[in-house]
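S.K.: my_file_2.tsv is reproduced below (TSV, C-alpha atoms and all ligand atoms).
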```tsv
chain	number	residue	atom	x	y	z
W	1	MET	CA	-122.57	14.64	14.96
W	2	SER	CA	-121.80	17.50	17.35
W	3	PHE	CA	-118.65	17.15	19.41
W	4	PRO	CA	-119.37	17.69	23.12
W	5	PHE	CA	-115.79	17.82	24.43
W	6	ALA	CA	-114.17	20.60	22.36
W	7	ARG	CA	-112.91	22.43	25.47
W	8	GLU	CA	-111.51	19.29	27.12
W	9	ARG	CA	-109.81	18.21	23.89
W	10	GLU	CA	-107.50	21.22	24.30
W	11	TYR	CA	-105.98	19.52	27.34
W	12	PHE	CA	-104.29	16.96	25.07
W	13	PRO	CA	-101.51	18.62	23.01
W	14	ILE	CA	-100.70	15.48	21.01
W	15	LEU	CA	-104.10	15.72	19.30
W	16	GLN	CA	-102.96	18.83	17.44
W	17	GLU	CA	-100.49	16.73	15.47
W	18	LYS	CA	-101.60	13.09	15.78
W	19	ILE	CA	-104.74	11.00	15.77
W	20	GLN	CA	-104.50	8.93	18.95
W	21	LEU	CA	-107.08	6.15	19.18
W	22	SER	CA	-105.18	3.79	21.46
W	23	SER	CA	-106.99	4.09	24.80
W	24	CYS	CA	-107.16	0.29	25.07
W	25	SER	CA	-103.37	0.41	25.39
W	26	GLN	CA	-102.23	3.93	26.26
W	27	SER	CA	-104.47	6.98	26.27
W	28	ALA	CA	-103.32	10.47	25.30
W	29	LEU	CA	-101.26	12.56	27.71
W	30	SER	CA	-103.11	15.54	29.16
W	31	LYS	CA	-101.50	18.78	30.32
W	32	GLN	CA	-102.81	17.98	33.79
W	33	VAL	CA	-101.01	14.63	33.95
W	34	GLU	CA	-97.83	16.13	32.51
W	35	ALA	CA	-97.92	18.84	35.19
W	36	ALA	CA	-98.48	16.23	37.92
W	37	ILE	CA	-95.46	14.22	36.77
W	38	GLU	CA	-93.44	17.42	36.75
W	39	GLU	CA	-94.65	18.23	40.27
W	40	TYR	CA	-93.21	14.93	41.49
W	41	THR	CA	-89.83	15.46	39.81
W	42	GLU	CA	-89.77	19.00	41.22
W	43	THR	CA	-89.95	17.56	44.75
W	44	LEU	CA	-86.88	15.46	43.99
W	45	ARG	CA	-85.05	18.35	42.37
W	46	HIS	CA	-85.79	20.95	45.02
W	47	THR	CA	-86.54	19.21	48.30
W	48	GLY	CA	-84.69	15.92	47.88
W	49	MET	CA	-87.68	14.01	49.16
W	50	ASP	CA	-91.18	14.76	50.37
W	51	TRP	CA	-92.82	11.60	51.66
W	52	MET	CA	-95.76	13.50	53.12
W	53	LEU	CA	-96.70	15.02	49.79
W	54	TRP	CA	-96.03	11.79	47.88
W	55	MET	CA	-98.29	9.78	50.19
W	56	GLU	CA	-100.90	12.51	50.07
W	57	LYS	CA	-100.99	12.29	46.25
W	58	VAL	CA	-101.29	8.53	46.29
W	59	GLY	CA	-104.15	9.07	48.75
W	60	VAL	CA	-105.83	11.48	46.32
W	61	ALA	CA	-105.44	8.92	43.52
W	62	LYS	CA	-107.11	6.29	45.72
W	63	ALA	CA	-109.94	8.65	46.65
W	64	GLU	CA	-110.55	9.58	43.01
W	65	PHE	CA	-110.59	5.91	41.99
W	66	ALA	CA	-113.02	5.16	44.83
W	67	LYS	CA	-115.30	7.90	43.51
W	68	LEU	CA	-114.96	6.60	39.94
W	69	ILE	CA	-116.36	3.19	40.91
W	70	ASN	CA	-118.63	4.30	43.78
W	71	ALA	CA	-116.55	2.63	46.49
W	72	GLU	CA	-115.43	3.87	49.89
W	73	LEU	CA	-111.86	5.01	50.36
W	74	ASP	CA	-110.97	2.18	52.73
W	75	GLU	CA	-112.15	-0.34	50.13
W	76	ILE	CA	-109.26	0.60	47.81
W	77	ALA	CA	-105.68	-0.69	47.83
W	78	VAL	CA	-102.94	0.59	45.58
W	79	LEU	CA	-100.41	-1.70	43.92
W	80	SER	CA	-98.26	-1.58	40.79
W	81	SER	CA	-100.16	-3.65	38.24
W	82	VAL	CA	-103.39	-5.53	37.69
W	83	SER	CA	-101.33	-8.73	37.80
W	84	ASP	CA	-100.12	-7.75	41.29
W	85	CYS	CA	-103.68	-7.04	42.41
W	86	ALA	CA	-104.82	-10.49	41.24
W	87	SER	CA	-101.85	-12.18	42.95
W	88	SER	CA	-102.55	-10.33	46.16
W	89	VAL	CA	-106.18	-11.53	46.14
W	90	ALA	CA	-105.19	-15.09	45.16
W	91	SER	CA	-102.69	-15.21	48.01
W	92	ALA	CA	-105.47	-14.53	50.52
W	93	LEU	CA	-107.61	-17.47	49.39
W	94	ASP	CA	-107.46	-20.98	50.79
W	95	PHE	CA	-107.72	-23.65	48.09
W	96	THR	CA	-107.28	-26.64	50.39
W	97	GLY	CA	-110.94	-27.01	51.39
W	98	GLU	CA	-114.13	-28.13	49.62
W	99	ARG	CA	-114.18	-24.97	47.55
W	100	SER	CA	-110.96	-25.11	45.58
W	101	LYS	CA	-112.09	-24.22	42.07
W	102	ILE	CA	-111.28	-21.05	40.17
W	103	VAL	CA	-113.50	-20.27	37.19
W	104	THR	CA	-112.06	-17.86	34.66
W	105	THR	CA	-112.53	-17.24	30.95
W	106	GLU	CA	-110.69	-17.55	27.66
W	107	ILE	CA	-111.24	-13.84	27.10
W	108	ASP	CA	-109.42	-12.71	30.24
W	109	PHE	CA	-106.13	-10.93	29.70
W	110	PRO	CA	-103.42	-13.67	29.82
W	111	SER	CA	-101.89	-12.38	33.05
W	112	LEU	CA	-105.04	-13.33	34.92
W	113	GLY	CA	-104.84	-16.88	33.60
W	114	HIS	CA	-101.23	-17.01	34.73
W	115	VAL	CA	-102.02	-15.83	38.26
W	116	TRP	CA	-104.88	-18.32	38.64
W	117	LEU	CA	-102.88	-21.22	37.13
W	118	ALA	CA	-100.10	-20.49	39.60
W	119	GLN	CA	-102.60	-21.31	42.38
W	120	GLN	CA	-102.66	-24.97	41.29
W	121	LYS	CA	-99.61	-25.51	43.52
W	122	ARG	CA	-101.74	-24.25	46.40
W	123	GLY	CA	-104.54	-26.74	45.71
W	124	ALA	CA	-106.68	-24.88	43.18
W	125	THR	CA	-108.27	-26.40	40.10
W	126	ILE	CA	-108.90	-24.03	37.20
W	127	ARG	CA	-111.70	-24.01	34.69
W	128	PHE	CA	-111.54	-21.75	31.65
W	129	ILE	CA	-114.95	-20.85	30.22
W	130	PRO	CA	-114.58	-21.09	26.42
W	131	GLU	CA	-115.18	-18.08	24.24
W	132	VAL	CA	-117.64	-17.94	21.37
W	133	ASN	CA	-116.53	-15.38	18.78
W	134	HIS	CA	-114.41	-13.76	21.49
W	135	CYS	CA	-117.46	-13.30	23.73
W	136	ILE	CA	-118.89	-15.33	26.65
W	137	PRO	CA	-122.61	-16.20	26.58
W	138	LEU	CA	-124.12	-15.43	30.00
W	139	VAL	CA	-125.50	-18.96	30.34
W	140	TYR	CA	-121.92	-20.32	30.38
W	141	TYR	CA	-121.51	-18.80	33.85
W	142	SER	CA	-124.51	-20.68	35.25
W	143	GLU	CA	-123.13	-23.87	33.67
W	144	SER	CA	-119.56	-23.45	34.92
W	145	VAL	CA	-119.76	-21.94	38.40
W	146	ASP	CA	-120.75	-24.48	41.05
W	147	GLU	CA	-120.65	-25.15	44.79
W	148	GLN	CA	-116.93	-25.97	44.56
W	149	THR	CA	-116.09	-22.59	43.04
W	150	LEU	CA	-114.25	-20.26	45.38
W	151	ILE	CA	-113.72	-17.41	42.96
W	152	THR	CA	-114.86	-16.47	39.46
W	153	SER	CA	-112.59	-14.12	37.54
W	154	ILE	CA	-113.86	-12.16	34.57
W	155	PRO	CA	-112.91	-9.15	32.50
W	156	HIS	CA	-115.54	-6.40	32.48
W	157	VAL	CA	-114.48	-5.58	28.93
W	158	SER	CA	-112.36	-7.75	26.64
W	159	TYR	CA	-108.91	-6.40	25.77
W	160	TYR	CA	-109.23	-8.02	22.34
W	161	ASN	CA	-112.52	-6.75	20.95
W	162	GLY	CA	-114.19	-4.56	23.58
W	163	PHE	CA	-116.93	-7.11	24.39
W	164	LYS	CA	-118.64	-5.81	27.54
W	165	GLN	CA	-120.16	-8.05	30.20
W	166	ASP	CA	-123.06	-7.35	32.54
W	167	LEU	CA	-121.49	-7.30	35.99
W	168	ALA	CA	-124.74	-7.31	37.97
W	169	GLN	CA	-126.10	-10.36	36.16
W	170	ILE	CA	-122.84	-12.29	36.50
W	171	ALA	CA	-122.52	-11.33	40.18
W	172	ALA	CA	-126.03	-12.67	40.82
W	173	ILE	CA	-125.19	-15.99	39.12
W	174	VAL	CA	-121.89	-16.58	40.89
W	175	HIS	CA	-123.14	-15.44	44.29
W	176	GLU	CA	-126.03	-17.87	44.09
W	177	LYS	CA	-123.38	-20.63	44.00
W	178	GLY	CA	-121.42	-19.03	46.84
W	179	SER	CA	-118.46	-17.91	44.70
W	180	TYR	CA	-116.66	-14.58	44.92
W	181	LEU	CA	-116.60	-12.41	41.81
W	182	PHE	CA	-113.27	-10.87	40.77
W	183	VAL	CA	-113.49	-8.29	37.97
W	184	ASP	CA	-110.63	-7.04	35.81
W	185	ALA	CA	-111.88	-3.61	34.80
W	186	TYR	CA	-108.67	-2.44	33.12
W	187	GLN	CA	-110.45	-2.05	29.75
W	188	SER	CA	-113.53	-0.35	31.17
W	189	ALA	CA	-112.59	1.97	34.06
W	190	GLY	CA	-112.64	5.53	32.74
W	191	GLY	CA	-114.66	4.70	29.63
W	192	VAL	CA	-117.59	2.75	31.08
W	193	ALA	CA	-119.48	3.73	34.22
W	194	ILE	CA	-118.85	1.30	37.08
W	195	ASP	CA	-120.79	1.03	40.31
W	196	VAL	CA	-119.38	-1.67	42.57
W	197	LYS	CA	-122.26	-1.31	45.01
W	198	LYS	CA	-125.05	-1.65	42.48
W	199	THR	CA	-123.36	-4.51	40.65
W	200	ASP	CA	-122.28	-6.20	43.91
W	201	VAL	CA	-118.84	-7.36	42.76
W	202	ASP	CA	-116.43	-8.57	45.45
W	203	PHE	CA	-113.08	-7.57	43.98
W	204	LEU	CA	-112.37	-5.19	41.12
W	205	THR	CA	-109.06	-4.05	39.73
W	206	ALA	CA	-107.90	-1.56	37.11
W	207	GLY	CA	-104.66	0.14	36.14
W	208	SER	CA	-104.21	3.72	35.11
W	209	GLN	CA	-102.67	3.56	31.63
W	210	LYS	CA	-105.66	2.83	29.44
W	211	PHE	CA	-109.05	4.59	29.66
W	212	MET	CA	-108.01	6.08	33.02
W	213	LEU	CA	-105.74	8.60	31.25
W	214	GLY	CA	-102.61	7.88	33.30
W	215	ILE	CA	-99.35	6.01	32.93
W	216	PRO	CA	-98.32	2.40	33.63
W	217	GLY	CA	-96.99	1.33	37.02
W	218	ILE	CA	-100.02	1.84	39.24
W	219	ALA	CA	-103.19	-0.21	39.72
W	220	PHE	CA	-106.07	-0.12	42.17
W	221	LEU	CA	-107.81	-2.97	43.92
W	222	TYR	CA	-111.35	-2.69	45.30
W	223	VAL	CA	-112.19	-5.19	48.01
W	224	LYS	CA	-115.75	-5.21	49.36
W	225	LYS	CA	-115.63	-3.95	52.94
W	226	GLU	CA	-117.12	-6.93	54.73
W	227	LEU	CA	-114.81	-9.26	52.81
W	228	ALA	CA	-111.50	-7.56	53.48
W	229	GLU	CA	-111.67	-8.28	57.20
W	230	LYS	CA	-111.92	-12.04	56.55
W	231	LEU	CA	-108.87	-12.24	54.30
W	232	GLU	CA	-105.14	-12.25	55.04
W	233	PRO	CA	-102.98	-12.02	51.92
W	234	THR	CA	-99.64	-13.83	51.99
W	235	VAL	CA	-98.31	-11.63	49.22
W	236	THR	CA	-97.68	-8.75	51.59
W	237	GLY	CA	-95.28	-6.12	52.93
W	238	TRP	CA	-94.99	-3.18	55.31
W	239	PHE	CA	-97.74	-1.09	53.69
W	240	GLY	CA	-100.23	-3.86	54.50
W	241	ARG	CA	-99.64	-3.42	58.24
W	242	VAL	CA	-101.82	-1.57	60.75
W	243	ASN	CA	-98.97	0.90	61.23
W	244	PRO	CA	-96.34	0.63	58.51
W	245	PHE	CA	-94.18	3.11	60.39
W	246	ALA	CA	-93.92	0.88	63.48
W	247	PHE	CA	-91.07	-0.87	61.61
W	248	ASP	CA	-91.72	-4.10	63.47
W	249	GLY	CA	-90.58	-7.04	61.34
W	250	LYS	CA	-91.87	-9.54	63.91
W	251	LEU	CA	-95.46	-8.34	63.86
W	252	LEU	CA	-97.71	-9.55	61.03
W	253	ASP	CA	-100.93	-7.66	61.69
W	254	PHE	CA	-103.35	-6.69	58.94
W	255	ALA	CA	-104.56	-3.17	58.28
W	256	GLU	CA	-108.29	-2.57	58.27
W	257	GLY	CA	-110.05	-2.68	54.93
W	258	ALA	CA	-108.44	-3.07	51.54
W	259	ARG	CA	-105.13	-1.55	52.62
W	260	ARG	CA	-104.13	-4.97	53.97
W	261	PHE	CA	-103.70	-5.98	50.30
W	262	GLU	CA	-100.91	-3.44	49.79
W	263	THR	CA	-97.29	-4.53	49.80
W	264	GLY	CA	-94.30	-2.17	49.50
W	265	THR	CA	-93.76	1.53	48.85
W	266	PRO	CA	-96.52	2.70	46.52
W	267	PRO	CA	-95.69	3.86	42.99
W	268	MET	CA	-95.27	7.56	43.71
W	269	ILE	CA	-94.79	9.28	40.36
W	270	ASN	CA	-97.59	7.12	38.99
W	271	GLY	CA	-99.75	8.19	41.93
W	272	PHE	CA	-99.27	11.86	41.02
W	273	ALA	CA	-100.23	11.08	37.42
W	274	ALA	CA	-103.21	8.94	38.39
W	275	ALA	CA	-104.56	11.55	40.82
W	276	ALA	CA	-104.61	14.22	38.08
W	277	ALA	CA	-105.96	11.83	35.46
W	278	ILE	CA	-108.84	10.37	37.46
W	279	GLN	CA	-109.71	13.80	38.84
W	280	LEU	CA	-110.26	14.92	35.25
W	281	LEU	CA	-112.43	11.89	34.49
W	282	ASN	CA	-114.55	12.50	37.59
W	283	GLU	CA	-114.95	16.18	36.72
W	284	ILE	CA	-116.20	15.31	33.24
W	285	GLY	CA	-118.28	12.34	34.44
W	286	VAL	CA	-117.88	8.84	33.06
W	287	GLU	CA	-121.61	8.50	32.23
W	288	ARG	CA	-121.25	11.38	29.73
W	289	ILE	CA	-118.09	9.81	28.34
W	290	GLU	CA	-119.72	6.40	27.98
W	291	THR	CA	-122.69	7.83	26.08
W	292	TYR	CA	-120.41	9.68	23.67
W	293	LEU	CA	-118.19	6.62	23.15
W	294	GLU	CA	-121.28	4.61	22.17
W	295	THR	CA	-121.85	7.00	19.27
W	296	LEU	CA	-118.22	6.64	18.17
W	297	SER	CA	-118.57	2.86	18.44
W	298	GLN	CA	-121.58	2.92	16.16
W	299	THR	CA	-119.70	5.06	13.64
W	300	ALA	CA	-116.67	2.74	13.72
W	301	ILE	CA	-118.77	-0.41	13.20
W	302	THR	CA	-121.01	1.01	10.48
W	303	TYR	CA	-118.21	2.70	8.57
W	304	ALA	CA	-115.80	-0.27	8.77
W	305	GLN	CA	-118.52	-2.62	7.50
W	306	GLU	CA	-119.47	-0.23	4.70
W	307	LYS	CA	-115.81	-0.26	3.63
W	308	GLY	CA	-115.76	-4.07	3.57
W	309	LEU	CA	-113.65	-4.56	6.70
W	310	LYS	CA	-114.36	-7.45	9.07
W	311	VAL	CA	-115.41	-6.26	12.52
W	312	MET	CA	-114.42	-8.68	15.29
W	313	SER	CA	-116.28	-6.80	18.04
W	314	PRO	CA	-119.95	-7.33	18.87
W	315	THR	CA	-121.92	-5.18	16.43
W	316	ASP	CA	-124.61	-4.44	19.01
W	317	ILE	CA	-123.13	-1.44	20.82
W	318	SER	CA	-124.91	-2.32	24.07
W	319	GLN	CA	-122.53	-5.31	24.20
W	320	LYS	CA	-119.31	-3.45	23.64
W	321	ALA	CA	-117.20	-0.61	24.97
W	322	SER	CA	-115.11	1.89	22.97
W	323	ASN	CA	-112.73	-0.59	21.35
W	324	THR	CA	-113.70	-1.70	17.83
W	325	ALA	CA	-111.48	-4.56	16.66
W	326	ILE	CA	-110.93	-4.90	12.92
W	327	TYR	CA	-109.53	-8.06	11.43
W	328	ILE	CA	-106.09	-7.42	9.91
W	329	PRO	CA	-103.94	-10.59	9.85
W	330	GLN	CA	-100.63	-8.63	9.90
W	331	ALA	CA	-101.87	-6.26	12.60
W	332	SER	CA	-98.47	-5.25	14.01
W	333	LYS	CA	-97.28	-4.18	10.58
W	334	ALA	CA	-100.51	-2.26	10.05
W	335	GLU	CA	-100.04	-0.50	13.39
W	336	ALA	CA	-96.54	0.58	12.33
W	337	ILE	CA	-97.73	1.85	8.92
W	338	LEU	CA	-100.53	3.89	10.47
W	339	LYS	CA	-98.14	5.27	13.07
W	340	GLU	CA	-95.95	6.65	10.28
W	341	LYS	CA	-99.03	8.45	9.00
W	342	GLY	CA	-99.62	9.96	12.44
W	343	ILE	CA	-102.46	7.61	13.39
W	344	ILE	CA	-101.93	5.73	16.65
W	345	VAL	CA	-103.98	2.54	16.94
W	346	SER	CA	-103.18	-0.69	18.74
W	347	ALA	CA	-102.54	-4.17	17.33
W	348	ARG	CA	-103.40	-7.39	19.17
W	349	ASN	CA	-102.84	-10.71	17.41
W	350	ASP	CA	-104.93	-10.45	14.24
W	351	VAL	CA	-106.80	-7.23	14.94
W	352	ILE	CA	-106.28	-3.51	14.91
W	353	ARG	CA	-108.07	-1.96	17.85
W	354	ILE	CA	-109.59	1.45	17.32
W	355	ALA	CA	-110.23	2.67	20.85
W	356	PRO	CA	-111.30	6.31	21.05
W	357	HIS	CA	-111.73	8.32	24.24
W	358	PHE	CA	-113.91	11.39	24.86
W	359	TYR	CA	-111.28	13.66	23.27
W	360	ASN	CA	-111.54	11.94	19.89
W	361	THR	CA	-113.85	13.04	17.09
W	362	GLU	CA	-115.92	11.03	14.65
W	363	GLN	CA	-113.68	12.32	11.84
W	364	GLU	CA	-110.64	10.78	13.54
W	365	VAL	CA	-112.31	7.38	13.75
W	366	ILE	CA	-113.23	7.61	10.07
W	367	ALA	CA	-109.68	8.69	9.12
W	368	ALA	CA	-108.21	5.65	10.90
W	369	ILE	CA	-110.59	3.28	9.13
W	370	ASP	CA	-109.81	4.94	5.78
W	371	ALA	CA	-106.12	4.37	6.47
W	372	LEU	CA	-106.81	0.67	7.17
W	373	VAL	CA	-108.75	0.38	3.91
W	374	LYS	CA	-105.77	1.79	2.01
W	375	LEU	CA	-103.30	-0.76	3.41
W	376	PRO	CA	-101.66	-2.90	0.74
W	377	ALA	CA	-103.34	-6.30	0.32
W	378	ASN	CA	-100.13	-8.16	1.14
W	379	LEU	CA	-98.56	-6.52	4.14
Q	401	LIG	C1	-107.86	-6.28	30.59
Q	401	LIG	C2	-106.40	-6.22	30.98
Q	401	LIG	N1	-106.03	-6.76	32.15
Q	401	LIG	C3	-104.74	-6.75	32.54
Q	401	LIG	C4	-103.76	-6.20	31.75
Q	401	LIG	C5	-102.35	-6.23	32.25
Q	401	LIG	O1	-102.23	-5.36	33.33
Q	401	LIG	P1	-100.89	-5.24	34.16
Q	401	LIG	O2	-99.78	-5.11	33.19
Q	401	LIG	O3	-101.11	-3.99	34.98
Q	401	LIG	O4	-100.76	-6.44	35.01
Q	401	LIG	C6	-104.10	-5.62	30.53
Q	401	LIG	C7	-103.07	-5.02	29.69
Q	401	LIG	O5	-103.22	-4.80	28.51
Q	401	LIG	C8	-105.46	-5.64	30.13
Q	401	LIG	O6	-105.86	-5.12	28.97
```
Could you rewrite the structure in this file as structure tokens?
Ligand SMILES: Cc1ncc(COP(=O)(O)O)c(C=O)c1O
M.R.:
Amino acid sequence: MSFPFAREREYFPILQEKIQLSSCSQSALSKQVEAAIEEYTETLRHTGMDWMLWMEKVGVAKAEFAKLINAELDEIAVLSSVSDCASSVASALDFTGERSKIVTTEIDFPSLGHVWLAQQKRGATIRFIPEVNHCIPLVYYSESVDEQTLITSIPHVSYYNGFKQDLAQIAAIVHEKGSYLFVDAYQSAGGVAIDVKKTDVDFLTAGSQKFMLGIPGIAFLYVKKELAEKLEPTVTGWFGRVNPFAFDGKLLDFAEGARRFETGTPPMINGFAAAAAIQLLNEIGVERIETYLETLSQTAITYAQEKGLKVMSPTDISQKASNTAIYIPQASKAEAILKEKGIIVSARNDVIRIAPHFYNTEQEVIAAIDALVKLPANL
């Protein structure tokens, strides 16, 4: 297979010495992101502080994220984690009326379950849609979402095995019942093309550390324009105000658009990193990345099966993203052994996740699988 990203691979120095296939957890550091982090520390070292520039960079990060998912700039809020984004949305919902149900899934990242369960105190009832082989059959949404459902929360892509869901189809099902759709896109943004307009999701969140090529500590929240104006989050702070710099502690007004979901001072250094990282993704184009990652997915599945390994991801690549999960009962130990050999993969429960990005080659995927095959039988 020809490798289409030879020039861009040069941006990632670690790849000269290591095989990094951990984009479902932490992607490789690019020279651009390293320089952006340095630019932030330079402002501290040389100017003491530079709020204008810091805010400008966070603004660039927001704009790049908006472009990545085909949203408008004022539909994006910036917070510190996906968990924070979910809490901020939950806090704006009223669970005391007829519609008090939250539908979520057993394949959501645990944090989402925690945020939704915490709403029980505020009147919510929670329904978890059960998984089948770590996937959710589409029909389960029609069966679970009803006229009492206020919000349905789903992962776009599963953190465990890369199972990918069809956002447009799910949005149509839940909207027919009058429910909002909240999407956790942390495992897809940057590796799978997302169009919030075409798919018609209501809320979508993603952090920067995984396929978005950044570092932890910053997450973005998309809120559909016409929705934001109707909602007033109670998890809030001065950056959610019309004019944060009015410094009026007695005035609880709400900024226009998604910014009302912001709370305190944005994560600045993370904003610098995210701006550079998402800029790079947008320059390359996520559609191109997604197509290439499908070929790596096919290689990973076919080769792992040939070698007798058990693949826990869907084997139809149209139903999965980059991450191929391979059953290894002592996965954490396996991760450590591979790390010593210079191969960075990510363990979750009983699987090793091989999650390449555009900068990885087919040979690297094969080398990681070969290393798994060579693991001692009793770890
Ligand atoms: C799909 C998904 N959602 C949420 C999270 C947690 O995000 P945060 O730590 O930003 O709350 C993770 C982390 O692995 C994840 O994979």
S.K.: Please identify all polymer residues within 12 Å of W:Met268, counting all atoms listed in the file, omitting same-chain residues fewer than 5 positions from it, and present them as a PDB file with C-alpha atoms, in the frame of the given file.
M.R.:
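Contents of the output file result.pdb:
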```
ATOM      1  CA  ALA W  36     -98.480  16.230  37.920  1.00  0.00           C
ATOM      2  CA  ILE W  37     -95.460  14.220  36.770  1.00  0.00           C
ATOM      3  CA  GLU W  39     -94.650  18.230  40.270  1.00  0.00           C
ATOM      4  CA  TYR W  40     -93.210  14.930  41.490  1.00  0.00           C
ATOM      5  CA  THR W  41     -89.830  15.460  39.810  1.00  0.00           C
ATOM      6  CA  THR W  43     -89.950  17.560  44.750  1.00  0.00           C
ATOM      7  CA  LEU W  44     -86.880  15.460  43.990  1.00  0.00           C
ATOM      8  CA  MET W  49     -87.680  14.010  49.160  1.00  0.00           C
ATOM      9  CA  ASP W  50     -91.180  14.760  50.370  1.00  0.00           C
ATOM     10  CA  TRP W  51     -92.820  11.600  51.660  1.00  0.00           C
ATOM     11  CA  MET W  52     -95.760  13.500  53.120  1.00  0.00           C
ATOM     12  CA  LEU W  53     -96.700  15.020  49.790  1.00  0.00           C
ATOM     13  CA  TRP W  54     -96.030  11.790  47.880  1.00  0.00           C
ATOM     14  CA  MET W  55     -98.290   9.780  50.190  1.00  0.00           C
ATOM     15  CA  GLU W  56    -100.900  12.510  50.070  1.00  0.00           C
ATOM     16  CA  LYS W  57    -100.990  12.290  46.250  1.00  0.00           C
ATOM     17  CA  VAL W  58    -101.290   8.530  46.290  1.00  0.00           C
ATOM     18  CA  GLY W  59    -104.150   9.070  48.750  1.00  0.00           C
ATOM     19  CA  VAL W  60    -105.830  11.480  46.320  1.00  0.00           C
ATOM     20  CA  ALA W  61    -105.440   8.920  43.520  1.00  0.00           C
ATOM     21  CA  VAL W  78    -102.940   0.590  45.580  1.00  0.00           C
ATOM     22  CA  LEU W  79    -100.410  -1.700  43.920  1.00  0.00           C
ATOM     23  CA  SER W  80     -98.260  -1.580  40.790  1.00  0.00           C
ATOM     24  CA  ILE W 215     -99.350   6.010  32.930  1.00  0.00           C
ATOM     25  CA  PRO W 216     -98.320   2.400  33.630  1.00  0.00           C
ATOM     26  CA  GLY W 217     -96.990   1.330  37.020  1.00  0.00           C
ATOM     27  CA  ILE W 218    -100.020   1.840  39.240  1.00  0.00           C
ATOM     28  CA  ALA W 219    -103.190  -0.210  39.720  1.00  0.00           C
ATOM     29  CA  ALA W 273    -100.230  11.080  37.420  1.00  0.00           C
ATOM     30  CA  ALA W 274    -103.210   8.940  38.390  1.00  0.00           C
ATOM     31  CA  ALA W 275    -104.560  11.550  40.820  1.00  0.00           C
TER      32      ALA W 275
END
```
S.K.: Once you count only C-alpha atoms and all ligand atoms, what closest atom pair and distance in Å to one decimal does each residue of chain W within 6 Å of ligand LIG 401 (chain Q) have, with rows by chain and rising residue number, as CSV?
M.R.:
```
residue,atom,partner,partner_atom,distance
W:Ser81,CA,Q:LIG401,O3,3.4
W:Val82,CA,Q:LIG401,O3,3.9
W:Ser83,CA,Q:LIG401,O4,3.7
W:Phe109,CA,Q:LIG401,N1,4.8
W:Tyr159,CA,Q:LIG401,O6,4.6
W:Asp184,CA,Q:LIG401,N1,5.9
W:Tyr186,CA,Q:LIG401,C1,4.7
W:Gln187,CA,Q:LIG401,C1,5.0
W:Gly207,CA,Q:LIG401,O3,5.6
```
S.K.: Leaving out W:Ile337 and any residue of its chain fewer than 6 positions from it, which residues lie within 10 Å of it when counting all atoms listed in the file, given as a ChimeraX atom specification?
M.R.: /W:331,343-344,371-372,375,379
S.K.: For W:Gln32, find every residue with an atom within 12 Å (counting only C-alpha atoms), except residues of its own chain fewer than 6 positions away, and show them as a PDB file with C-alpha atoms, in the frame of the given file.
M.R.:
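Saved as selection.pdb:
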```pdb
ATOM      1  CA  GLU W   8    -111.510  19.290  27.120  1.00  0.00           C
ATOM      2  CA  GLU W  10    -107.500  21.220  24.300  1.00  0.00           C
ATOM      3  CA  TYR W  11    -105.980  19.520  27.340  1.00  0.00           C
ATOM      4  CA  PHE W  12    -104.290  16.960  25.070  1.00  0.00           C
ATOM      5  CA  PRO W  13    -101.510  18.620  23.010  1.00  0.00           C
ATOM      6  CA  GLU W  38     -93.440  17.420  36.750  1.00  0.00           C
ATOM      7  CA  GLU W  39     -94.650  18.230  40.270  1.00  0.00           C
ATOM      8  CA  LEU W 213    -105.740   8.600  31.250  1.00  0.00           C
ATOM      9  CA  GLY W 214    -102.610   7.880  33.300  1.00  0.00           C
ATOM     10  CA  PHE W 272     -99.270  11.860  41.020  1.00  0.00           C
ATOM     11  CA  ALA W 273    -100.230  11.080  37.420  1.00  0.00           C
ATOM     12  CA  ALA W 274    -103.210   8.940  38.390  1.00  0.00           C
ATOM     13  CA  ALA W 275    -104.560  11.550  40.820  1.00  0.00           C
ATOM     14  CA  ALA W 276    -104.610  14.220  38.080  1.00  0.00           C
ATOM     15  CA  ALA W 277    -105.960  11.830  35.460  1.00  0.00           C
ATOM     16  CA  ILE W 278    -108.840  10.370  37.460  1.00  0.00           C
ATOM     17  CA  GLN W 279    -109.710  13.800  38.840  1.00  0.00           C
ATOM     18  CA  LEU W 280    -110.260  14.920  35.250  1.00  0.00           C
ATOM     19  CA  LEU W 281    -112.430  11.890  34.490  1.00  0.00           C
TER      20      LEU W 281
END
```
S.K.: Counting all atoms listed in the file, figure out which residue out of W:Leu309, W:Leu221, W:Ile173, W:Ala28 gets nearest to W:Ala66.
M.R.: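 Smallest separation from W:Ala66 among the options: W:Leu221.
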S.K.: Find the residues of stretch 104-195 of chain W that sit at most 6 Å from stretch 320-327 of chain W; for each, write down the nearest two atoms and how far apart they are in Å, to one decimal. Count all atoms listed in the file. Sort by chain, then by number going up, and give it as CSV.
M.R.:
```
residue,atom,partner,partner_atom,distance
W:Asn161,CA,W:Ala325,CA,4.9
W:Gly162,CA,W:Asn323,CA,4.8
W:Phe163,CA,W:Lys320,CA,4.4
W:Lys164,CA,W:Lys320,CA,4.6
```
S.K.: Within 8 Å of stretch 111-118 of chain W, counting only C-alpha atoms, which residues qualify if same-chain residues fewer than 4 places away don't, as a list in words?
M.R.: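 My reading of the contact set: Ser83, Ala86, Ser87, Ala90, Ile102, Thr104, Arg122 and Ile126 of chain W.
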S.K.: Kindly give the distance, in Å, that separates atom CA of W:Glu283 and atom CA of W:Gln165, rounded to a single decimal.
M.R.: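 So the answer is 25.6 Å.
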S.K.: Work out how far apart atom CA of W:Gly48 and atom CA of W:Pro266 are and give it in Å to one decimal.
M.R.: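 Taking atom CA of W:Gly48 as the start and atom CA of W:Pro266 as the end point, the length is 17.8 Å.
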